[in-house]
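K.L.:
Shown below is the structure under consideration.
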Amino acid sequence: MISDRRRVRLRTALDEWFVVVVVALLGLALLGGWGAYGAVADDDEEFEQRTVEAWSTTGGFDHGATVQEENEVFPVGTELSDRSMYFAEIAPELEATFTYAYDAPDGDLAVSIEADRVIRSVGETDDEEEEELEYWAVNETIAQEETESLAPGEEQTTSFAVDVPETAAEAEEIQENLNDSAGDLETVVEVQVAIEGTIDGESVDRVYTYEMVLEPDDATYAVEAPAAEERTEERTEEIAVAGSSGGLGAVVLALLGLGSVAALGVLGVARRKGTLAPSAAELERIDARYEREEFDDWISRGTLPGDIRERSRIEIATLEDLVDVAVDCDRRVIEDERVGEYYVVDGEAVYVYAPERLEDDRDPILEVDPQEAEEPTVIGDGSGEESNVLEDESDASDS
């Protein structure tokens, strides 16, 4: 919490710099109002272009080969499936199934799938960014399927078979007939998926290509093909971005403006009533309070008998000066709260500091009770030897 002294200093500063503070608060109020209005008015402009996923497609191959020749490992009729390598002598025919599906909130597509066996000769180009160079190619359609309506999550399949050793021999024969030593022979099954229709309310017309690569050797052949290759279709949308930061900014600016207006009202009312700047009475009361606390170690609370107060009275201007006298005399300062005065008793002299009573100080000054005035009060100098000074003086007067 703010102490009284700091509060008084703040009020004094506000009073001295009243015009500057008012101008500053007016500026903050205008800034808050204009900023809040601008944040709300510009909401329709707070959009940005973002690329979002609209839907996706999945295409992949399942393949296998059935053992057709007697051997020491696999019985005839054994189905070898989804292997990276097959044995050409005992299982020469590769059987495969291609499956297509798509994922979208809503859609209806006509799907056409065509599988071609492709034998080609390809070579590398000098430009790494360009596709490989194709010298020649021979295509043969080996499977084809169509559907007029395919919903999201449904699958469309087509199956085919390739005699791999026979295809490898055909490729070498073509290369020999062309006397072509350039390029490398490749044998692939190329699947083209053509889709047409609507997805999530938008027209769609696409063609996708998937490949299953066959790599024959003398005794084996390898197969490389995606099992489930997902492809994402994206679209650009306008996304509102003012909701997260713009709304909060508008609230903060509005609160700033309202707070400034409220502060202006409070300052104006206080200035008009004359309560903004602290009064002289408040300043003196606070100074006296802190001065009293500063010298608390030298002050004791008590009551002086009337005959001691009637001794030679020496007025001291400030409490600090009275404390200096107490130090010099090796005495305590006695605070008589009933009369609001401070005393230092030294022999026949009484040093007194009497703070000025403020006009608005409502603490009553109590009258001294004559009976209480006759009661002795212990006044010590801190040495422990003056505890009976007043009693001795009273006995002497009686005698």
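In the structure tokens, the first chain shown is A, the next is B, and so on; residue numbers restart at 1 for each chain, and ligands run from 1 in the order shown.
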Excluding Glu196 in chain A and residues on its chain fewer than 4 positions from it, collect all residues at most 9 Å away from it, counting only C-alpha atoms, and give them as a compact mmCIF listing (two decimals) with N, CA, C and O atoms, in the first residue's frame.
P.N.:
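Written out: out.txt:
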# COMPACT_ATOMS: atom_id res chain seq x y z
N ASP A 108 -18.43 -37.11 -55.53
CA ASP A 108 -18.96 -38.13 -56.44
C ASP A 108 -18.12 -38.09 -57.70
O ASP A 108 -18.12 -37.09 -58.43
N LEU A 109 -17.37 -39.17 -57.96
CA LEU A 109 -16.41 -39.18 -59.06
C LEU A 109 -16.67 -40.36 -60.01
O LEU A 109 -17.04 -41.46 -59.56
N ALA A 110 -16.44 -40.09 -61.28
CA ALA A 110 -16.33 -41.16 -62.27
C ALA A 110 -14.85 -41.47 -62.40
O ALA A 110 -14.03 -40.58 -62.66
N VAL A 111 -14.49 -42.76 -62.21
CA VAL A 111 -13.08 -43.15 -62.15
C VAL A 111 -12.79 -44.17 -63.24
O VAL A 111 -13.52 -45.16 -63.40
N SER A 112 -11.72 -43.92 -63.98
CA SER A 112 -11.26 -44.84 -65.03
C SER A 112 -9.81 -45.21 -64.73
O SER A 112 -8.96 -44.32 -64.61
N SER A 203 -15.76 -28.70 -59.00
CA SER A 203 -15.53 -29.59 -60.14
C SER A 203 -14.10 -30.09 -60.13
O SER A 203 -13.16 -29.33 -59.86
N VAL A 204 -13.92 -31.37 -60.45
CA VAL A 204 -12.61 -32.01 -60.43
C VAL A 204 -12.41 -32.76 -61.74
O VAL A 204 -13.30 -33.49 -62.19
N ASP A 205 -11.23 -32.59 -62.34
CA ASP A 205 -10.85 -33.33 -63.55
C ASP A 205 -9.34 -33.55 -63.48
O ASP A 205 -8.56 -32.63 -63.75
N ARG A 206 -8.92 -34.75 -63.08
CA ARG A 206 -7.50 -35.02 -62.85
C ARG A 206 -7.12 -36.36 -63.48
O ARG A 206 -7.96 -37.24 -63.70
N VAL A 207 -5.81 -36.49 -63.75
CA VAL A 207 -5.22 -37.75 -64.18
C VAL A 207 -3.98 -38.00 -63.33
O VAL A 207 -3.07 -37.17 -63.29
K.L.:
With DSSP run on the backbone, what are the helix (DSSP H, G or I) residues within range 145-246 of chain A? I'd like them as a list of chain:residue names.
P.N.:
A:Val164, A:Pro165, A:Glu166, A:Thr167, A:Ala168, A:Ala169, A:Glu170, A:Ala171, A:Glu172, A:Glu173, A:Ile174, A:Gln175, A:Glu176, A:Asn177, A:Ala242, A:Gly243, A:Ser244, A:Ser245, A:Gly246
K.L.:
Between CA of Glu48 in chain A and CA of Ala104 in chain A, what distance in Å does the model show, to one decimal?
P.N.:
24.0 Å
K.L.:
Apply DSSP to the structure's backbone, then extract all residues of range 54-285 of chain A labelled strand (DSSP E) and return them as a count of residues only.
P.N.:
122
K.L.:
Sorted by chain and rising residue number, list the residues of range 145-260 of chain A at most 8 Å from range 87-90 of chain A (counting only C-alpha atoms), each with its closest atom pair and distance in Å to one decimal, as a Markdown table.
P.N.:
| residue | atom | partner | partner_atom | distance |
| --- | --- | --- | --- | --- |
| A:Val164 | CA | A:Ala88 | CA | 7.4 |
| A:Pro165 | CA | A:Ala88 | CA | 6.4 |
| A:Asp218 | CA | A:Ala88 | CA | 7.8 |
| A:Ala219 | CA | A:Ala88 | CA | 5.4 |
| A:Thr220 | CA | A:Phe87 | CA | 4.4 |
| A:Tyr221 | CA | A:Ala88 | CA | 6.3 |
K.L.:
What would the file look like if the residues just selected were written as an mmCIF file, in the first residue's frame with N, CA and C atoms?
P.N.:
data_model
loop_
_atom_site.group_PDB
_atom_site.id
_atom_site.type_symbol
_atom_site.label_atom_id
_atom_site.label_comp_id
_atom_site.auth_asym_id
_atom_site.auth_seq_id
_atom_site.Cartn_x
_atom_site.Cartn_y
_atom_site.Cartn_z
ATOM 1 N N VAL A 164 7.204 -61.946 -66.170
ATOM 2 C CA VAL A 164 8.397 -61.098 -66.103
ATOM 3 C C VAL A 164 9.532 -61.634 -66.975
ATOM 4 N N PRO A 165 9.917 -62.927 -66.914
ATOM 5 C CA PRO A 165 10.996 -63.384 -67.802
ATOM 6 C C PRO A 165 10.660 -63.198 -69.281
ATOM 7 N N ASP A 218 18.977 -62.710 -64.046
ATOM 8 C CA ASP A 218 19.048 -64.038 -64.652
ATOM 9 C C ASP A 218 18.132 -65.025 -63.950
ATOM 10 N N ALA A 219 18.115 -65.016 -62.622
ATOM 11 C CA ALA A 219 17.341 -65.998 -61.879
ATOM 12 C C ALA A 219 16.217 -65.382 -61.054
ATOM 13 N N THR A 220 16.221 -64.068 -60.868
ATOM 14 C CA THR A 220 15.216 -63.410 -60.031
ATOM 15 C C THR A 220 14.719 -62.144 -60.710
ATOM 16 N N TYR A 221 13.691 -61.567 -60.122
ATOM 17 C CA TYR A 221 13.261 -60.235 -60.531
ATOM 18 C C TYR A 221 12.750 -59.491 -59.283
#
K.L.:
From the list A:Val261, A:Ile113, A:Leu214, A:Ala143, which residue is nearest Glu93 in chain A when using only C-alpha atoms?
P.N.:
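Closest to Glu93 in chain A, using only C-alpha atoms: A:Leu214.
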K.L.:
Pick out the residues sitting within 8 Å of Tyr342 in chain A, and hand them over as a list in words; count only C-alpha atoms, and ignore anything fewer than 3 positions along from it in its own chain.
P.N.:
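With the cut-off at 8 Å, the set is Leu319, Val333, Ile334, Glu335, Asp336, Val352, Tyr353 and Ala354 of chain A.
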K.L.:
Using Å and a single decimal, report how far CA of Glu224 in chain A sits from CA of Thr167 in chain A.
P.N.:
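Value for the CA of Thr167 in chain A-CA of Glu224 in chain A distance: 16.2 Å.
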K.L.:
So that I can see what lies close to Pro226 in chain A, please list as a list of chain:residue names the residues with an atom at most 10 Å from it, counting only C-alpha atoms and leaving out residues fewer than 4 positions away in the same chain.
P.N.:
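That gives A:Gly59, A:Gly60, A:Phe61, A:Asp62, A:Phe98, A:Tyr210, A:Glu211, A:Met212, A:Val213, A:Glu230.
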K.L.:
Mind dumping the selected residues with N, CA, C and O atoms as a compact mmCIF listing (two decimals), in the first residue's frame?
P.N.:
# COMPACT_ATOMS: atom_id res chain seq x y z
N GLY A 59 -3.32 -44.32 -53.84
CA GLY A 59 -3.19 -45.38 -54.84
C GLY A 59 -2.03 -46.29 -54.48
O GLY A 59 -0.99 -45.81 -54.02
N GLY A 60 -2.20 -47.57 -54.66
CA GLY A 60 -1.13 -48.49 -54.31
C GLY A 60 -1.31 -49.87 -54.92
O GLY A 60 -2.39 -50.22 -55.42
N PHE A 61 -0.22 -50.66 -54.89
CA PHE A 61 -0.20 -51.99 -55.50
C PHE A 61 -0.07 -53.07 -54.43
O PHE A 61 0.66 -52.92 -53.45
N ASP A 62 -0.78 -54.16 -54.62
CA ASP A 62 -0.55 -55.43 -53.92
C ASP A 62 -0.11 -56.44 -54.99
O ASP A 62 -0.76 -56.55 -56.05
N PHE A 98 -4.18 -53.11 -58.34
CA PHE A 98 -4.04 -51.68 -58.01
C PHE A 98 -5.35 -51.19 -57.41
O PHE A 98 -6.43 -51.48 -57.93
N TYR A 210 0.74 -43.83 -61.62
CA TYR A 210 1.47 -44.64 -60.64
C TYR A 210 2.28 -45.69 -61.41
O TYR A 210 1.81 -46.20 -62.45
N GLU A 211 3.44 -46.03 -60.89
CA GLU A 211 4.29 -46.99 -61.58
C GLU A 211 4.73 -48.13 -60.65
O GLU A 211 5.06 -47.89 -59.48
N MET A 212 4.73 -49.33 -61.21
CA MET A 212 5.32 -50.49 -60.56
C MET A 212 6.51 -50.91 -61.41
O MET A 212 6.36 -51.30 -62.58
N VAL A 213 7.72 -50.81 -60.86
CA VAL A 213 8.95 -51.06 -61.61
C VAL A 213 9.36 -52.52 -61.44
O VAL A 213 9.43 -53.05 -60.32
N GLU A 230 -0.14 -41.60 -50.90
CA GLU A 230 -1.15 -40.56 -50.68
C GLU A 230 -0.72 -39.27 -51.35
O GLU A 230 0.42 -38.84 -51.22
K.L.:
Could you give me, as a list in words, the residues within 8 Å of Asp346 in chain A, counting only C-alpha atoms and dropping anything in the same chain fewer than 5 positions from it?
P.N.:
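Result of the neighbour search: Cys329, Arg331 and Tyr351 of chain A.
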K.L.:
Report as a list in words all protein, DNA and RNA residues lying within 12 Å of range 140-142 of chain A, evaluated on only C-alpha atoms, omitting residues in the same chain fewer than 3 positions from it.
P.N.:
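Everything that qualifies: Glu95, Ala96, Thr97, Ile113, Glu114, Ala115, Asp116, Arg117, Val118, Ile119, Arg120, Ala137, Glu145, Thr158, Ser159, Phe160, Ala161, Val162, Asp163, Thr167, Thr187, Val188, Val189, Glu190, Val191 and Gln192 of chain A.
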K.L.:
Name the residues in contact with Arg301 in chain A at a cut-off of 12 Å, using only C-alpha atoms, excluding same-chain residues fewer than 4 positions from it; report them as a ChimeraX atom specification.
P.N.:
/A:292,296-297,332-344,377-379
K.L.:
If you keep N, CA and C atoms, can you produce a file of those selected residues as a short mmCIF file (atom, residue, chain, number, x, y, z; two decimals), in the first residue's frame?
P.N.:
data_model
loop_
_atom_site.label_atom_id
_atom_site.label_comp_id
_atom_site.auth_asym_id
_atom_site.auth_seq_id
_atom_site.Cartn_x
_atom_site.Cartn_y
_atom_site.Cartn_z
N ARG A 292 8.05 12.25 14.82
CA ARG A 292 7.88 11.50 16.06
C ARG A 292 8.43 10.07 15.93
N ASP A 296 11.74 7.96 18.01
CA ASP A 296 11.00 7.13 18.94
C ASP A 296 11.91 6.49 20.00
N ASP A 297 13.16 6.19 19.65
CA ASP A 297 14.07 5.55 20.60
C ASP A 297 14.40 6.45 21.80
N ARG A 332 15.66 11.31 29.23
CA ARG A 332 14.67 10.86 28.27
C ARG A 332 13.74 12.01 27.93
N VAL A 333 13.16 11.98 26.76
CA VAL A 333 12.11 12.92 26.37
C VAL A 333 10.78 12.30 26.79
N ILE A 334 10.00 13.06 27.56
CA ILE A 334 8.71 12.58 28.04
C ILE A 334 7.61 13.19 27.17
N GLU A 335 6.78 12.34 26.57
CA GLU A 335 5.66 12.81 25.75
C GLU A 335 4.39 12.73 26.59
N ASP A 336 3.82 13.88 26.84
CA ASP A 336 2.56 13.93 27.57
C ASP A 336 1.44 14.03 26.54
N GLU A 337 0.80 12.87 26.27
CA GLU A 337 -0.19 12.83 25.20
C GLU A 337 -1.44 13.61 25.55
N ARG A 338 -1.70 13.86 26.85
CA ARG A 338 -2.91 14.60 27.22
C ARG A 338 -2.84 16.05 26.79
N VAL A 339 -1.67 16.64 26.91
CA VAL A 339 -1.53 18.05 26.55
C VAL A 339 -0.80 18.23 25.23
N GLY A 340 -0.31 17.12 24.67
CA GLY A 340 0.34 17.19 23.37
C GLY A 340 1.67 17.89 23.41
N GLU A 341 2.45 17.76 24.50
CA GLU A 341 3.76 18.41 24.60
C GLU A 341 4.82 17.39 24.97
N TYR A 342 6.07 17.78 24.69
CA TYR A 342 7.23 16.94 24.98
C TYR A 342 8.12 17.67 26.00
N TYR A 343 8.68 16.93 26.97
CA TYR A 343 9.45 17.55 28.04
C TYR A 343 10.78 16.81 28.22
N VAL A 344 11.76 17.61 28.66
CA VAL A 344 13.01 17.07 29.19
C VAL A 344 13.25 17.77 30.52
N THR A 377 5.76 10.83 39.15
CA THR A 377 6.08 10.17 37.88
C THR A 377 7.56 9.90 37.85
N VAL A 378 7.91 8.71 37.45
CA VAL A 378 9.31 8.31 37.41
C VAL A 378 9.94 8.89 36.16
N ILE A 379 11.02 9.60 36.34
CA ILE A 379 11.75 10.20 35.23
C ILE A 379 13.17 9.71 35.32
#
